[in-house]
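Asks: Below is one structure. I have some questions about it.
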Protein chains: 2
Amino acid sequence: MVFKFGLPLAVLLASAAPALAAPAASSGVSPAVKVLHENLIVLDTHFDTPANAAVPGFDIRARHEVSDGSQVDYPRMVEGGVDGGFFVIFTPQGARGPAANAANRDLALQRALVIHKLVARNSDLFALATKAEDAETISKAGKRFAYISIENSAPLAGDLTLMKTFYDMGVRMMGPIHFANNDLGDSATDPKGPEFGGLSPLGKSFVAEANRLGVLLDASHSSDLVLDQMLALSKAPIILSHTGAKAIYNHPRNIDDDRLRALAAKGGVIQINAFTGYMMDVPKIPERDAALLELTKAYGSPRDVPADRREAYKAARAAIDAKYPLPRATLNDLMKHILHAAKVAGKDHIGISGDFDGGGGIEGFDDVSDFPALTERLVKAGFTKEDLAKFWGGNALRVLQEADRLKGS
Amino acid sequence: MVFKFGLPLAVLLASAAPALAAPAASSGVSPAVKVLHENLIVLDTHFDTPANAAVPGFDIRARHEVSDGSQVDYPRMVEGGVDGGFFVIFTPQGARGPAANAANRDLALQRALVIHKLVARNSDLFALATKAEDAETISKAGKRFAYISIENSAPLAGDLTLMKTFYDMGVRMMGPIHFANNDLGDSATDPKGPEFGGLSPLGKSFVAEANRLGVLLDASHSSDLVLDQMLALSKAPIILSHTGAKAIYNHPRNIDDDRLRALAAKGGVIQINAFTGYMMDVPKIPERDAALLELTKAYGSPRDVPADRREAYKAARAAIDAKYPLPRATLNDLMKHILHAAKVAGKDHIGISGDFDGGGGIEGFDDVSDFPALTERLVKAGFTKEDLAKFWGGNALRVLQEADRLKGS
């Protein structure tokens with residue numbers, strides 16, 4: 001088992017995206033499935049799209065290609081029958097200490113501003129959502145809904161009163177930890193290994209404050225022991241906003257069956273992740289990584305390549321992919337995770353996330369326009385419309401509502 | 001000398017606005033003056049409009065009346081040839097201490113968000129400005145410019161690293177203190193009198209950090225000794241964003257001639273304020289205040305009166321004004337302050353602010369549509385086009401540029 005942690009995020013993103021946009025998998029979807037899909041409230045619990053929205057010139061109203069480094073925009077949400085999602089405030093885990101805390105806080109506030117401006121500038125197409133019922137209300141009004149979440153809560157670690165600050169800014173889901181350990185607790189993937197044996201004392205206060213505010217706790221990226229402790233401490237069900245099943249592929253970012261059952265017993269939900277590196281063995285090709293690093297040095301992050309250099313960039317990327325091809329997970333792999341989680345956790349406890357614009361995307365499920373293709377696979381697997389209503393949004397919205405209902409000290 | 005400090009802000013606002021909108025004073029402005037005025041970059045350094053923008057339903061694209069509790073909107077900016085201004089993050093000075101600091105920080109961040117959303121939602125009409133030259137660039141692009149300022153910096157007092165947070169959010173002018181003393185220093189109008197004899201030690205750090213960031217310091221509302229110390233400590237010129245001349249009307253919110261000269265010697269600027277309570281004796285009529293308080297209890301703040309109760313509210317307000325009339329300052333009074341400040345400080349050191357949407361507005365200069373009427377008075381007083389270019393924006397933009405030019409530790 002090899003995964004790419006340790007490379008710069010830009011390289012990770014470059015590595016995850018295919019050289020050329022795959023043909024839209026949804027083009028072969030039957031009309032009946034399309035109608036069924038359109039009639040559901042469909043959401044994704046982890047859109048890293050604010051990272052794109054922060055790039056000057058990015059226009060969510062324009063149709064992009066995956067090879068542009070974009071998997072979510074308005075035209076493709078419409079194509080894919082995707083009604084909304086959780087737009088993530090992500091800041092990378094870096095240094096720790098007072099100066100880093102202030103800098104991280106400021107980066108997270110900037111990202112919150114980006115999301116609010118994105119919605120305000122496109123208020124004819126999008127609306128901010130904070131309550132579970134907003135998803136339906138906004139959809140009925142003909143707009144797409146945008147919930148706000150935080151992936152790495154290091155920006156709050158210097159001062160937990162900032163949790164209310166971000167709550168007031170509309171954040172309704174928070175994950176304490178990302179790729180590396182931080183002051184709140186241990187990551188699933190820190191190469192240095194665990195530091196606290198789960199949550200730090202501050203991390204336990206974080207859980208209590210999330211409960212008090214009515215913020216849904218997200219254990220994706222947290223270590224197994226953090227998950228256990230969150231399940232034990234939290235008064236409300238918790239979510240794994242983008243995580244796979246360890247029984248299908250043994251990776252620290254995935255969850256084992258006992259924990260899957262414990263999550264469900266608590267009323268929680270796992271949103272199955274579509275991220276190749278967490279779904280199959282991906283060989284490490286140092287020459288490929290070196291070439292991608294050179295590419296990034298030459299062009300910057302894929303998100304930032306200016307329009308007049310984009311074609312040259314794409315050609316250089318395609319050449320690297322041709323010279324050092326990597327396998328990619330497929331819809332078959334994704335279905336294995338979903339079917340397993342449905343069996344172990346139960347149909348009230350699963351959902352789906354592409355981890356789009358954050359390194360996610362697999363063959364056949366590579367941007368938001370591909371959602372109907374997965375619906376077709378789920379229908380063929382025997383799931384009913386009622387099941388799909390839960391998987392595509394109902395279950396996630398239920399835990400969001402529970403976190404709010406159980407709030408208060 | 002009587003002033004209304006001590007009343008709730010809602011009553012202050014209600015008291016300051018006339019019962020019925022005065023006829024537009026600019027209707028009698030000569031075509032030549034209108035052309036001259038239109039050719040200038042015209043700004044106001046203190047728009048409390050974000051307080052209106054925070055009220056659900058407020059639409060800056062719609063034309064309001066002064067009696068609606070609004071003095072600034074897009075249609076009246078166009079009518080008044082007003083190209084932009086400083087949109088203020090205002091939070092009232094309340095309790096002090098850690099809990100209050102966090103709450104104030106959050107309120108100020110919310111207000112920053114309101115301003116960014118206002119601009120984003122109306123990005124065809126407005127653009128955010130951060131550099132002095134943005135005023136011209138944005139005007140030439142056919143939009144109105146919005147700088148962001150902070151009036152009361154108590155929200156930053158718990159953690160001065162927040163100054164950079166707000167700088168990153170576009171804030172380019174900060175006043176440390178408002179109606180009451182806070183942790184940064186003494187107010188001009190705290191009924192308890194001075195607490196520090198000027199700036200506190202924290203206030204001195206605030207001045208240094210503003211210099212480092214390149215934020216223009218605003219001494220309006222600060223005590224005279226705070227002004228003296230800011231002039232002594234600051235590496236950059238400072239501004240009084242909305243203040244009058246003490247020689248014309250002796251009020252602690254106004255500035256005496258020696259300080260006016262010291263401000264100018266440092267390269268700074270006074271923006272003459274159009275606020276009746278700081279321009280003339282206003283009798284205190286307890287019955288009027290009691291009636292306005294009742295009105296506020298019945299209808300809420302003038303900003304918040306819902307549309308279906310607005311006519312009833314206006315009638316009730318008109319009845320109070322008829323029963324307990326108050327004198328209002330006029331353009332003649334405003335001209336006295338301007339002429340005096342021009343004589344004492346010099347024409348490179350004055351400008352104008354209506355303190356609109358924050359209790360300002362006088363007879364004949366009551367909302368942004370009235371700016372040409374004041375230009376006409378200034379032309380009649382003998383000021384040239386070059387003088388007016390300075391008064392209406394050039395001087396304020398110069399000190400803004402200086403604060404930026406001199407930044408760095």
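Residues in the structure tokens are numbered from 1 in each chain, the chains being A, B, ... in the order shown, and ligands are numbered from 1 in the order shown.
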So which bits of region 21-235 of chain A end up alpha helix (DSSP H) when you DSSP the backbone, as a VMD selection string?

Replies: chain A and resid 31 to 38 49 to 53 74 to 79 98 to 121 134 to 140 162 to 168 201 to 213 224 to 233

Asks: Quick one: write out the picked residues with C-alpha atoms as a PDB file, in the first residue's frame?

Replies:
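selection.pdb was written with the following content:
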```pdb
ATOM      1  CA  PRO A  31     -33.899   8.382 -19.100  1.00  0.00           C
ATOM      2  CA  ALA A  32     -35.739   6.682 -16.222  1.00  0.00           C
ATOM      3  CA  VAL A  33     -32.682   6.899 -13.988  1.00  0.00           C
ATOM      4  CA  LYS A  34     -32.163  10.507 -15.000  1.00  0.00           C
ATOM      5  CA  VAL A  35     -35.744  11.338 -13.955  1.00  0.00           C
ATOM      6  CA  LEU A  36     -35.333   9.477 -10.680  1.00  0.00           C
ATOM      7  CA  HIS A  37     -32.034  11.265 -10.019  1.00  0.00           C
ATOM      8  CA  GLU A  38     -33.448  14.692 -10.829  1.00  0.00           C
ATOM      9  CA  THR A  49     -14.283  24.178  -4.642  1.00  0.00           C
ATOM     10  CA  PRO A  50     -13.536  27.257  -2.475  1.00  0.00           C
ATOM     11  CA  ALA A  51      -9.846  26.628  -3.263  1.00  0.00           C
ATOM     12  CA  ASN A  52     -10.704  27.195  -6.918  1.00  0.00           C
ATOM     13  CA  ALA A  53     -13.017  30.079  -6.101  1.00  0.00           C
ATOM     14  CA  TYR A  74     -22.669  25.506 -11.885  1.00  0.00           C
ATOM     15  CA  PRO A  75     -23.144  24.096 -15.405  1.00  0.00           C
ATOM     16  CA  ARG A  76     -21.855  20.674 -14.375  1.00  0.00           C
ATOM     17  CA  MET A  77     -23.941  20.720 -11.163  1.00  0.00           C
ATOM     18  CA  VAL A  78     -26.979  21.218 -13.399  1.00  0.00           C
ATOM     19  CA  GLU A  79     -25.836  18.461 -15.784  1.00  0.00           C
ATOM     20  CA  PRO A  98       0.742  31.360  18.504  1.00  0.00           C
ATOM     21  CA  ALA A  99       2.017  32.937  15.276  1.00  0.00           C
ATOM     22  CA  ALA A 100       0.813  29.979  13.192  1.00  0.00           C
ATOM     23  CA  ASN A 101      -2.541  30.057  14.985  1.00  0.00           C
ATOM     24  CA  ALA A 102      -3.086  33.696  14.020  1.00  0.00           C
ATOM     25  CA  ALA A 103      -1.976  33.072  10.444  1.00  0.00           C
ATOM     26  CA  ASN A 104      -4.196  29.978  10.124  1.00  0.00           C
ATOM     27  CA  ARG A 105      -7.146  31.853  11.615  1.00  0.00           C
ATOM     28  CA  ASP A 106      -6.690  34.582   9.027  1.00  0.00           C
ATOM     29  CA  LEU A 107      -6.426  32.099   6.142  1.00  0.00           C
ATOM     30  CA  ALA A 108      -9.602  30.362   7.271  1.00  0.00           C
ATOM     31  CA  LEU A 109     -11.431  33.692   7.577  1.00  0.00           C
ATOM     32  CA  GLN A 110     -10.284  34.578   4.076  1.00  0.00           C
ATOM     33  CA  ARG A 111     -11.633  31.278   2.791  1.00  0.00           C
ATOM     34  CA  ALA A 112     -14.965  31.901   4.554  1.00  0.00           C
ATOM     35  CA  LEU A 113     -15.055  35.276   2.818  1.00  0.00           C
ATOM     36  CA  VAL A 114     -14.388  33.589  -0.543  1.00  0.00           C
ATOM     37  CA  ILE A 115     -17.388  31.295  -0.028  1.00  0.00           C
ATOM     38  CA  HIS A 116     -19.696  34.122   1.029  1.00  0.00           C
ATOM     39  CA  LYS A 117     -18.590  36.237  -1.923  1.00  0.00           C
ATOM     40  CA  LEU A 118     -19.024  33.305  -4.294  1.00  0.00           C
ATOM     41  CA  VAL A 119     -22.625  32.915  -3.162  1.00  0.00           C
ATOM     42  CA  ALA A 120     -23.318  36.677  -3.041  1.00  0.00           C
ATOM     43  CA  ARG A 121     -21.901  37.265  -6.514  1.00  0.00           C
ATOM     44  CA  ASP A 134     -32.619  24.802   3.758  1.00  0.00           C
ATOM     45  CA  ALA A 135     -31.530  22.181   1.216  1.00  0.00           C
ATOM     46  CA  GLU A 136     -35.119  21.558   0.180  1.00  0.00           C
ATOM     47  CA  THR A 137     -36.249  25.175   0.454  1.00  0.00           C
ATOM     48  CA  ILE A 138     -33.391  26.439  -1.696  1.00  0.00           C
ATOM     49  CA  SER A 139     -33.766  23.626  -4.229  1.00  0.00           C
ATOM     50  CA  LYS A 140     -37.473  24.395  -4.576  1.00  0.00           C
ATOM     51  CA  LEU A 162     -13.406  31.171  17.118  1.00  0.00           C
ATOM     52  CA  MET A 163     -15.718  28.180  16.753  1.00  0.00           C
ATOM     53  CA  LYS A 164     -18.627  30.523  17.419  1.00  0.00           C
ATOM     54  CA  THR A 165     -17.092  33.103  15.072  1.00  0.00           C
ATOM     55  CA  PHE A 166     -17.201  30.589  12.246  1.00  0.00           C
ATOM     56  CA  TYR A 167     -20.589  29.268  13.329  1.00  0.00           C
ATOM     57  CA  ASP A 168     -21.870  32.836  13.028  1.00  0.00           C
ATOM     58  CA  PRO A 201      -7.517  17.893  26.025  1.00  0.00           C
ATOM     59  CA  LEU A 202      -8.150  20.896  23.745  1.00  0.00           C
ATOM     60  CA  GLY A 203      -9.673  18.535  21.190  1.00  0.00           C
ATOM     61  CA  LYS A 204     -12.104  17.287  23.824  1.00  0.00           C
ATOM     62  CA  SER A 205     -13.142  20.880  24.510  1.00  0.00           C
ATOM     63  CA  PHE A 206     -13.554  21.264  20.749  1.00  0.00           C
ATOM     64  CA  VAL A 207     -16.018  18.364  20.716  1.00  0.00           C
ATOM     65  CA  ALA A 208     -17.973  19.856  23.613  1.00  0.00           C
ATOM     66  CA  GLU A 209     -18.125  23.280  21.978  1.00  0.00           C
ATOM     67  CA  ALA A 210     -19.269  21.773  18.660  1.00  0.00           C
ATOM     68  CA  ASN A 211     -22.078  20.046  20.552  1.00  0.00           C
ATOM     69  CA  ARG A 212     -22.979  23.250  22.360  1.00  0.00           C
ATOM     70  CA  LEU A 213     -23.154  25.236  19.121  1.00  0.00           C
ATOM     71  CA  ASP A 224      -9.130   5.840  14.633  1.00  0.00           C
ATOM     72  CA  LEU A 225      -8.718   6.730  18.306  1.00  0.00           C
ATOM     73  CA  VAL A 226      -9.963  10.262  17.681  1.00  0.00           C
ATOM     74  CA  LEU A 227     -13.022   8.736  16.039  1.00  0.00           C
ATOM     75  CA  ASP A 228     -13.552   6.434  19.016  1.00  0.00           C
ATOM     76  CA  GLN A 229     -13.289   9.328  21.445  1.00  0.00           C
ATOM     77  CA  MET A 230     -15.559  11.559  19.403  1.00  0.00           C
ATOM     78  CA  LEU A 231     -18.148   8.772  19.353  1.00  0.00           C
ATOM     79  CA  ALA A 232     -17.804   8.428  23.120  1.00  0.00           C
ATOM     80  CA  LEU A 233     -17.835  12.133  23.933  1.00  0.00           C
TER      81      LEU A 233
END
```

Asks: Excluding Asp367 (chain A) and its own-chain neighbours fewer than 6 positions away, which residues fall within 7 Å of it when counting only C-alpha atoms? Please give them as a PDB file with N, CA and C atoms, in the first residue's frame.

Replies:
```
ATOM      1  N   VAL A  66     -12.217  18.742 -16.208  1.00  0.00           N
ATOM      2  CA  VAL A  66     -11.408  18.176 -15.123  1.00  0.00           C
ATOM      3  C   VAL A  66      -9.939  18.543 -15.321  1.00  0.00           C
ATOM      4  N   GLN A  71     -13.584  20.347 -10.798  1.00  0.00           N
ATOM      5  CA  GLN A  71     -14.572  19.257 -10.867  1.00  0.00           C
ATOM      6  C   GLN A  71     -15.973  19.706 -10.478  1.00  0.00           C
ATOM      7  N   VAL A  72     -16.089  20.969 -10.061  1.00  0.00           N
ATOM      8  CA  VAL A  72     -17.393  21.486  -9.631  1.00  0.00           C
ATOM      9  C   VAL A  72     -17.594  22.888 -10.191  1.00  0.00           C
ATOM     10  N   PHE A 356     -14.269  16.197  -4.526  1.00  0.00           N
ATOM     11  CA  PHE A 356     -13.939  16.931  -5.749  1.00  0.00           C
ATOM     12  C   PHE A 356     -13.239  18.258  -5.444  1.00  0.00           C
ATOM     13  N   GLY A 361     -12.018  12.005  -7.280  1.00  0.00           N
ATOM     14  CA  GLY A 361     -12.381  11.728  -8.669  1.00  0.00           C
ATOM     15  C   GLY A 361     -11.753  10.437  -9.139  1.00  0.00           C
TER      16      GLY A 361
END
```

Asks: Just the residues within 8 Å of region 80-87 of chain B, please, counting only C-alpha atoms, with nothing from its chain fewer than 3 positions along; format it as number ranges by chain.

Replies: B: 26, 37-38, 41-50, 76-77, 115, 135, 139, 143-149, 368-372

Asks: Taking the DSSP secondary structure from the backbone, can you list the residues of region 147-370 of chain A that are strand (DSSP E or B), as a count of residues only?

Replies: 38

Asks: Report, in Å to a single decimal, how far apart CA of Gly358 (chain A) and CA of Ala291 (chain A) are.

Replies: 20.6 Å

Asks: May I have the residues within 12 Å of Lys192 (chain B) as an mmCIF file with N, CA and C atoms, in the first residue's frame, using only C-alpha atoms and disregarding those fewer than 6 positions away in the same chain?

Replies:
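Result went into selection_27.cif, see below:
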```
data_model
loop_
_atom_site.group_PDB
_atom_site.id
_atom_site.type_symbol
_atom_site.label_atom_id
_atom_site.label_comp_id
_atom_site.auth_asym_id
_atom_site.auth_seq_id
_atom_site.Cartn_x
_atom_site.Cartn_y
_atom_site.Cartn_z
ATOM 1 N N GLY B 6 -25.602 59.072 25.577
ATOM 2 C CA GLY B 6 -26.258 58.427 26.701
ATOM 3 C C GLY B 6 -27.562 57.793 26.275
ATOM 4 N N PHE B 179 -17.605 56.344 21.319
ATOM 5 C CA PHE B 179 -18.254 57.170 22.346
ATOM 6 C C PHE B 179 -17.657 57.022 23.756
ATOM 7 N N ALA B 180 -17.128 55.808 24.032
ATOM 8 C CA ALA B 180 -16.679 55.542 25.406
ATOM 9 C C ALA B 180 -15.219 55.080 25.406
ATOM 10 N N ASN B 181 -14.559 55.296 26.520
ATOM 11 C CA ASN B 181 -13.203 54.761 26.686
ATOM 12 C C ASN B 181 -13.210 53.255 26.399
ATOM 13 N N ASN B 182 -12.129 52.774 25.821
ATOM 14 C CA ASN B 182 -11.975 51.321 25.705
ATOM 15 C C ASN B 182 -10.532 50.949 26.060
ATOM 16 N N ASP B 186 -8.708 56.792 25.655
ATOM 17 C CA ASP B 186 -9.821 57.620 26.126
ATOM 18 C C ASP B 186 -10.655 58.178 24.980
#
```

Asks: Can you tell me which residues surround Lys390 (chain A) at a distance of at most 8 Å, considering only C-alpha atoms, apart from same-chain residues fewer than 5 positions away, and format the answer as a list in words?

Replies: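 These residues fall inside the cut-off: Lys347, Asp348, Ile350, Gly351, Asn395 and Ala396 of chain A.
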
Asks: Give me, as a ChimeraX atom specification, all polymer residues having an atom no more than 12 Å from Ala298 (chain B), counting only C-alpha atoms and skipping those fewer than 3 positions away in the same chain.

Replies: /B:291-295,301-302,304-306,309-310,312-313,316-317

Asks: Skipping near chain neighbours, those fewer than 3 positions away, what residues fall within 9 Å of Leu217 (chain A) using only C-alpha atoms, listed as a list in words?

Replies: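 My list of contacting residues is Arg172, Met173, Met174, Gly175, Pro176, Val207, Ala210, Asn211, Met230, Ser234, Ala236, Pro237, Ile238, Ile239, Leu240 and Ala403 of chain A.
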
Asks: Which residue is closest to chain A? Choose from B:Ser30, B:Gln271, B:Asn122, B:Thr91 and count only C-alpha atoms.

Replies: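 The closest residue to chain A is B:Asn122.
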
Asks: Could you state the separation of CA of Gly277 (chain B) and CA of Arg377 (chain B) in Å, given to one decimal place?

Replies: 21.8 Å
